[in-house]
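Have a look at the structure below, then the notes.
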Amino acid sequence: MTASQAATQTGASARPKLAFRPLPVPQVDVRGFWGDRVDAVAARTAGILYDRCVEARMLEQIDPDLPSPGVVIPFHVSDGFTSRTVTTQMFWDSDWGKTIETAAYSLYRRRNADLEKKIDAVIDMYGKLQQEDGYLSSWYQRIQPGLRWTNLRDCHELYCAGHLIEGAVAYFQATGKRKLLDIMSRYADHIADTFGPEPGKRKGYCGHEEIELALVRLARATGNDKYMKLAKYFIDQRGQQPHYFDEEALARGADPKDFHFKTYEYNQSHRPVREQDKVVGHAVRAMYLYSGMADIATEYGDDTLKVALERLWDDLTTKSLYVTGGLGPSADNEGFTNDYDLPNETAYAETCASVGLVFWASRMLGMGPNARYADMMERALYNGSISGLSLDGSLFFYENPLESRGGHHRWKWHRCPCCPPNIGRMVASIGSYFYGLADDALAVHLYGDSTARFEIAGRQVTLVQASNYPWDGAVAIEVGPEAPVAFTLHLRIPAWCRKAALRVNGKLVDLEAATVDGYAAIRREWRQGDKVELDLEMSMARLFANPNVRQDIGRVALARGPLIYCVEETDNGGGLHRIALPREARLEAHKDPNLLGGIVTLSAIGSRAQTENWGADLYRPKPPATTETKLKAVPYFAWDNRDSGEMLVWLREG
Ligand SMILES: [Zn+2]
């Protein structure tokens, strides 16, 4: 028996209480930095997602009252779409699922009867489309009928179910309307009848992970343990021999070797998940798999999964992660390549991958507060994920490079529109990433102006954070229980912070003694009006890459607190590659309330290689003259929101 088989058999024996649960979205009101982002999504993005799905003719695929649109829809969409003709896509159900989810969270922020009516109509279509036996796939019912469950490897069938399940859970929680939840529960029942360890059931799992984490959400929302067990089955079965994708290919008369991506590393099924030790393949798939594994590790107290996840986390964060929290450098496999291969200009770094890292990190925090995960969640949140959405909430990046010669811009819609609703739902639900609640503890993972309401030890507690984070590191927390109640408050002390001070009701806390795994723990009986003051020095920093990263050697990136900075042509002129920042140059931070919605910029005196007196030579034995130049950097997430032009994260040092 292999270690993973043993774990599979023993893992279900102990079902611990979930350690730290995120607070539901409506229990955290965010203001300030995240409030602005959520408002942009609620006021604009949520409606835009629906409208652009309609313009891309995505309703026609799911509406059973219309004739099937077939594979190609020859028509022209408006400027700003990445392609001018449209083909129907097998993953469109997933985009509807995420659009529904974004709308659901947005409705907490801002009631919108018009949007709710439109989403209700989409749900009605899915209700009408669903087959007697519960099966539901617009692709296999309307575009390629008769082929269901014949190609899990390539065709996103369970992935689509997963996103619709997530949308159903969110929409039920936001509106109290059960229709989509009931539809998707019926479909999940059908999936559970079709897949599983029992004789006669298929031994498969999806080529694009997602249903695993979705089934966990469905199990938690409905209390039906069957869905949890099915999620666990999909995790445990992945990569086992005989390999399902081989058998499935043979069953449909195909050669298993005839696989476009050549290796099952592409979908992380190259070996059982507990034996995996490197992040490989398609980055979004990897992040969704690890998120599902973390959920199952938490739910079942499965240390064999936890150990594998820790190995994978180490591998990602020490060898394959951009400084922005972006990941997956290559467009070829939309994923990972070799250790330390982090090209800047051609970085794929899909928005969904960074969003997926936020999902994974947040689920690792379910097993207890640990700044190792929360710091990286924060980095991905503030940099490589929200760069995917324009400040006004209307335009989207798919790729998030760290260098641009001026041609990379957000678009209105993509032929593969996975990223827009993914960043939409993540931002709209940001409140749920702030805290983790255990039986007698609350962990504060993120800081920012906000109010949270939760129940602990039978008492209602209101917790108000007053802060101008991330622009300022002073965080004042007021704890307001309805009656005195004892619990532990865990406060993250970010690794980027060089100097932190913590006071409880004015009294200084010995941070060194109080801090475990990057979180300061304060246990006391909390009373109405108790005040916690955390001062995090919002340090500016020069960051250097491991010398094995050939693209970054001799270069420096600028950071302040959780934010990674970049320089843009609009502030610094063209030819950003000619700018150099001396090691000893002093960095200054400036508040600019009128720029990009109110940000802190960084500036320094650098040098710029001159082209004026160089002449026509391509090469010569004498270096170019340099002149002094003042450089100005803005947060990476905010780039490409003004005049278009070059952008650069890693500056030359010298
Ligand atoms: Zn995407």
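Each chain of the structure tokens is named A, B, ... in the order shown, its residues numbered from 1; ligands are numbered from 1 in display order.
Running DSSP on the backbone and keeping only strand (DSSP E or B), the residues of stretch 72-117 of chain A that qualify are Val72, Ile73, Phe81, Val86 and Thr87 of chain A.
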Save the residues we just selected, N, CA and C atoms, as a PDB file, in the first residue's frame?
```pdb
ATOM      1  N   VAL A  72     -19.483  27.873 -34.361  1.00  0.00           N
ATOM      2  CA  VAL A  72     -18.979  29.186 -34.787  1.00  0.00           C
ATOM      3  C   VAL A  72     -20.133  30.155 -34.950  1.00  0.00           C
ATOM      4  N   ILE A  73     -20.006  31.304 -34.336  1.00  0.00           N
ATOM      5  CA  ILE A  73     -21.010  32.343 -34.526  1.00  0.00           C
ATOM      6  C   ILE A  73     -20.353  33.455 -35.333  1.00  0.00           C
ATOM      7  N   PHE A  81     -12.842  44.011 -27.839  1.00  0.00           N
ATOM      8  CA  PHE A  81     -12.853  42.561 -27.676  1.00  0.00           C
ATOM      9  C   PHE A  81     -11.560  42.032 -28.292  1.00  0.00           C
ATOM     10  N   VAL A  86     -16.619  35.260 -32.995  1.00  0.00           N
ATOM     11  CA  VAL A  86     -16.822  34.516 -31.765  1.00  0.00           C
ATOM     12  C   VAL A  86     -17.114  33.059 -32.076  1.00  0.00           C
ATOM     13  N   THR A  87     -16.520  32.160 -31.282  1.00  0.00           N
ATOM     14  CA  THR A  87     -16.929  30.755 -31.335  1.00  0.00           C
ATOM     15  C   THR A  87     -17.495  30.410 -29.968  1.00  0.00           C
TER      16      THR A  87
END
```
Return as a PyMOL selection string every polymer residue, whether protein, DNA or RNA, with at least one atom no more than 8 Å from an atom of ligand 1; count only C-alpha atoms and all ligand atoms. chain A and resi 284+350-353+398+416-420+422
Output N, CA, C and O atoms for every residue in the selection just made, as a CSV table (one decimal), in the first residue's frame.
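Dumped to out.csv:
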```csv
chain,number,residue,atom,x,y,z
A,284,VAL,N,-3.4,27.9,-13.3
A,284,VAL,CA,-4.7,28.0,-12.6
A,284,VAL,C,-5.2,26.7,-12.1
A,284,VAL,O,-5.7,26.5,-11.0
A,350,GLU,N,-1.3,34.8,-15.5
A,350,GLU,CA,-2.7,35.1,-15.7
A,350,GLU,C,-3.4,35.6,-14.5
A,350,GLU,O,-3.1,35.1,-13.4
A,351,THR,N,-4.3,36.5,-14.7
A,351,THR,CA,-5.0,37.1,-13.5
A,351,THR,C,-5.6,35.9,-12.7
A,351,THR,O,-5.5,35.9,-11.4
A,352,CYS,N,-6.2,34.9,-13.3
A,352,CYS,CA,-6.8,33.8,-12.6
A,352,CYS,C,-5.8,33.1,-11.8
A,352,CYS,O,-6.2,32.5,-10.7
A,353,ALA,N,-4.6,33.0,-12.2
A,353,ALA,CA,-3.6,32.2,-11.4
A,353,ALA,C,-3.3,32.9,-10.1
A,353,ALA,O,-3.2,32.3,-9.1
A,398,TYR,N,-5.6,39.8,-19.0
A,398,TYR,CA,-5.5,38.3,-18.9
A,398,TYR,C,-4.1,38.1,-18.4
A,398,TYR,O,-3.9,37.4,-17.4
A,416,CYS,N,-11.5,33.9,-24.3
A,416,CYS,CA,-11.6,33.0,-23.2
A,416,CYS,C,-11.8,33.8,-21.9
A,416,CYS,O,-10.8,34.3,-21.3
A,417,PRO,N,-13.0,34.2,-21.6
A,417,PRO,CA,-13.2,35.2,-20.6
A,417,PRO,C,-13.2,34.8,-19.1
A,417,PRO,O,-14.0,35.2,-18.3
A,418,CYS,N,-12.2,33.9,-18.8
A,418,CYS,CA,-12.1,33.4,-17.4
A,418,CYS,C,-11.8,34.5,-16.4
A,418,CYS,O,-12.2,34.5,-15.3
A,419,CYS,N,-10.9,35.4,-16.8
A,419,CYS,CA,-10.3,36.3,-15.8
A,419,CYS,C,-11.3,37.4,-15.3
A,419,CYS,O,-11.3,37.6,-14.1
A,420,PRO,N,-12.1,38.0,-16.2
A,420,PRO,CA,-12.9,39.1,-15.7
A,420,PRO,C,-13.9,38.7,-14.5
A,420,PRO,O,-13.8,39.4,-13.5
A,422,ASN,N,-13.5,36.2,-12.6
A,422,ASN,CA,-12.7,35.7,-11.5
A,422,ASN,C,-12.2,36.8,-10.6
A,422,ASN,O,-12.3,36.8,-9.4
```
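When atom CA of A:Ile456 is paired with atom CA of A:Ala374, their separation reads 22.2 Å.
You can rank A:Tyr159, A:Tyr135, A:Phe396, A:Tyr340 by their closest distance to A:Gly424 using only C-alpha atoms, and at the top of that list sits A:Phe396.
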Residues of stretch 240-306 of chain A in alpha helix (DSSP H) according to DSSP, as a PyMOL selection string? chain A and resi 244-251+283-300+303-306
Expected file contents, prior selection, N, CA, C and O atoms, as a short mmCIF file (atom, residue, chain, number, x, y, z; two decimals), in the first residue's frame:
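See again_1.cif below for the written result:
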```cif
data_model
loop_
_atom_site.label_atom_id
_atom_site.label_comp_id
_atom_site.auth_asym_id
_atom_site.auth_seq_id
_atom_site.Cartn_x
_atom_site.Cartn_y
_atom_site.Cartn_z
N TYR A 244 -6.81 7.32 -15.42
CA TYR A 244 -8.15 7.46 -15.99
C TYR A 244 -8.12 8.10 -17.38
O TYR A 244 -8.88 7.69 -18.27
N PHE A 245 -7.24 9.06 -17.58
CA PHE A 245 -7.25 9.75 -18.88
C PHE A 245 -6.75 8.83 -20.00
O PHE A 245 -7.15 8.98 -21.15
N ASP A 246 -5.87 7.87 -19.66
CA ASP A 246 -5.47 6.85 -20.65
C ASP A 246 -6.67 6.00 -21.02
O ASP A 246 -6.95 5.78 -22.21
N GLU A 247 -7.35 5.50 -20.00
CA GLU A 247 -8.47 4.58 -20.24
C GLU A 247 -9.61 5.29 -20.98
O GLU A 247 -10.23 4.73 -21.87
N GLU A 248 -9.82 6.53 -20.58
CA GLU A 248 -10.89 7.31 -21.21
C GLU A 248 -10.59 7.55 -22.69
O GLU A 248 -11.48 7.46 -23.54
N ALA A 249 -9.32 7.84 -23.00
CA ALA A 249 -8.93 8.06 -24.40
C ALA A 249 -9.16 6.79 -25.21
O ALA A 249 -9.74 6.82 -26.30
N LEU A 250 -8.72 5.65 -24.66
CA LEU A 250 -8.90 4.39 -25.38
C LEU A 250 -10.39 4.11 -25.59
O LEU A 250 -10.80 3.67 -26.67
N ALA A 251 -11.20 4.42 -24.58
CA ALA A 251 -12.64 4.15 -24.68
C ALA A 251 -13.30 4.97 -25.78
O ALA A 251 -14.30 4.55 -26.36
N ALA A 283 -1.10 26.80 -14.52
CA ALA A 283 -1.02 27.43 -13.21
C ALA A 283 -2.38 27.53 -12.51
O ALA A 283 -2.48 27.32 -11.30
N VAL A 284 -3.43 27.87 -13.26
CA VAL A 284 -4.73 28.02 -12.61
C VAL A 284 -5.22 26.67 -12.11
O VAL A 284 -5.73 26.55 -10.99
N ARG A 285 -5.03 25.64 -12.94
CA ARG A 285 -5.44 24.30 -12.51
C ARG A 285 -4.72 23.92 -11.22
O ARG A 285 -5.31 23.38 -10.29
N ALA A 286 -3.40 24.21 -11.18
CA ALA A 286 -2.62 23.87 -9.99
C ALA A 286 -3.18 24.58 -8.75
O ALA A 286 -3.39 23.96 -7.71
N MET A 287 -3.45 25.87 -8.89
CA MET A 287 -3.93 26.63 -7.73
C MET A 287 -5.28 26.10 -7.25
O MET A 287 -5.54 26.01 -6.05
N TYR A 288 -6.16 25.77 -8.20
CA TYR A 288 -7.48 25.25 -7.80
C TYR A 288 -7.34 23.87 -7.14
O TYR A 288 -8.05 23.58 -6.18
N LEU A 289 -6.44 23.04 -7.68
CA LEU A 289 -6.23 21.73 -7.05
C LEU A 289 -5.74 21.90 -5.61
O LEU A 289 -6.28 21.30 -4.68
N TYR A 290 -4.70 22.74 -5.44
CA TYR A 290 -4.13 22.89 -4.10
C TYR A 290 -5.17 23.51 -3.14
O TYR A 290 -5.18 23.21 -1.95
N SER A 291 -6.03 24.37 -3.67
CA SER A 291 -7.10 24.95 -2.83
C SER A 291 -8.03 23.84 -2.35
O SER A 291 -8.37 23.78 -1.16
N GLY A 292 -8.42 22.96 -3.27
CA GLY A 292 -9.29 21.84 -2.89
C GLY A 292 -8.59 20.92 -1.91
O GLY A 292 -9.19 20.45 -0.94
N MET A 293 -7.29 20.66 -2.14
CA MET A 293 -6.53 19.81 -1.22
C MET A 293 -6.49 20.44 0.18
O MET A 293 -6.62 19.74 1.19
N ALA A 294 -6.30 21.76 0.23
CA ALA A 294 -6.22 22.44 1.53
C ALA A 294 -7.56 22.34 2.25
O ALA A 294 -7.62 22.14 3.47
N ASP A 295 -8.65 22.48 1.50
CA ASP A 295 -9.98 22.32 2.12
C ASP A 295 -10.14 20.92 2.71
O ASP A 295 -10.63 20.76 3.83
N ILE A 296 -9.75 19.92 1.93
CA ILE A 296 -9.92 18.54 2.40
C ILE A 296 -8.96 18.25 3.56
O ILE A 296 -9.32 17.59 4.53
N ALA A 297 -7.73 18.79 3.48
CA ALA A 297 -6.80 18.63 4.60
C ALA A 297 -7.39 19.22 5.88
O ALA A 297 -7.28 18.64 6.97
N THR A 298 -8.05 20.38 5.74
CA THR A 298 -8.64 21.04 6.90
C THR A 298 -9.84 20.24 7.42
O THR A 298 -9.97 19.98 8.62
N GLU A 299 -10.70 19.84 6.49
CA GLU A 299 -11.94 19.16 6.89
C GLU A 299 -11.68 17.80 7.53
O GLU A 299 -12.38 17.41 8.45
N TYR A 300 -10.70 17.08 6.99
CA TYR A 300 -10.45 15.72 7.48
C TYR A 300 -9.25 15.64 8.42
O TYR A 300 -8.89 14.56 8.86
N ASP A 303 -3.07 15.10 7.63
CA ASP A 303 -1.71 15.63 7.62
C ASP A 303 -0.91 15.19 6.40
O ASP A 303 0.04 15.86 6.01
N THR A 304 -1.28 14.09 5.78
CA THR A 304 -0.54 13.67 4.58
C THR A 304 -0.76 14.67 3.45
O THR A 304 0.14 14.95 2.67
N LEU A 305 -1.96 15.22 3.39
CA LEU A 305 -2.22 16.27 2.39
C LEU A 305 -1.52 17.55 2.79
O LEU A 305 -0.95 18.26 1.95
N LYS A 306 -1.55 17.86 4.09
CA LYS A 306 -0.94 19.09 4.57
C LYS A 306 0.56 19.11 4.25
O LYS A 306 1.10 20.12 3.79
#
```
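Considering only C-alpha atoms, the residue among A:Tyr433, A:Tyr382, A:Trp34, A:Tyr373 positioned nearest to A:Ser467 is A:Trp34.
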Contact residues around A:His156 with only C-alpha atoms at 12 Å, ignoring same-chain residues under 4 positions, as a PyMOL selection string: chain A and resi 89-95+137-140+148-152+160-163+205-211+267+285
Given the choices A:Val461, A:Ala221, A:Val122, A:Val516, which gets closest to A:Glu166 if the distance is worked out from only C-alpha atoms? A:Ala221
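In terms of minimum interatomic distance to A:Gly407, A:Glu646 ranks closest within A:Glu646, A:Asp79, A:Asp314, A:Glu265, counting only C-alpha atoms.
Atom to atom, atom CA of A:Lys201 and atom CA of A:Asp236 stand 15.2 Å apart.
The spacing separating atom CA of A:Glu101 from atom CA of A:Tyr50 amounts to 11.3 Å.
Shortest separation to A:Leu602 among A:His445, A:Arg311, A:His590, A:Lys98 occurs at residue A:His590, atoms counted being only C-alpha atoms.
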Need to verify the contact set: A:Ser354, 7 Å, only C-alpha atoms, exclusion of same-chain residues closer than 5 positions in sequence. Can you return it as a list in words? Gly325, Gly326, Leu327, Ala380, Gly384 and Ser385 of chain A
So which residues touch A:Met377 within 8 Å, counting only C-alpha atoms, skipping near sequence neighbours fewer than 6 positions away, as number ranges by chain? A: 357-358, 361-362
Find the residues near stretch 569-571 of chain A: any atom within 6 Å, counting only C-alpha atoms, skip ones fewer than 2 places away on the same chain, and give them as number ranges by chain. A: 573-574, 645-646
Nearest to A:Asp332: which of A:Arg217, A:Arg498, A:Arg252, A:His282 is it, counting only C-alpha atoms? A:His282
Shell of 8 Å around stretch 487-490 of chain A, only C-alpha atoms, local chain residues under 3 positions omitted, as number ranges by chain: A: 369, 440-444, 456, 519-526
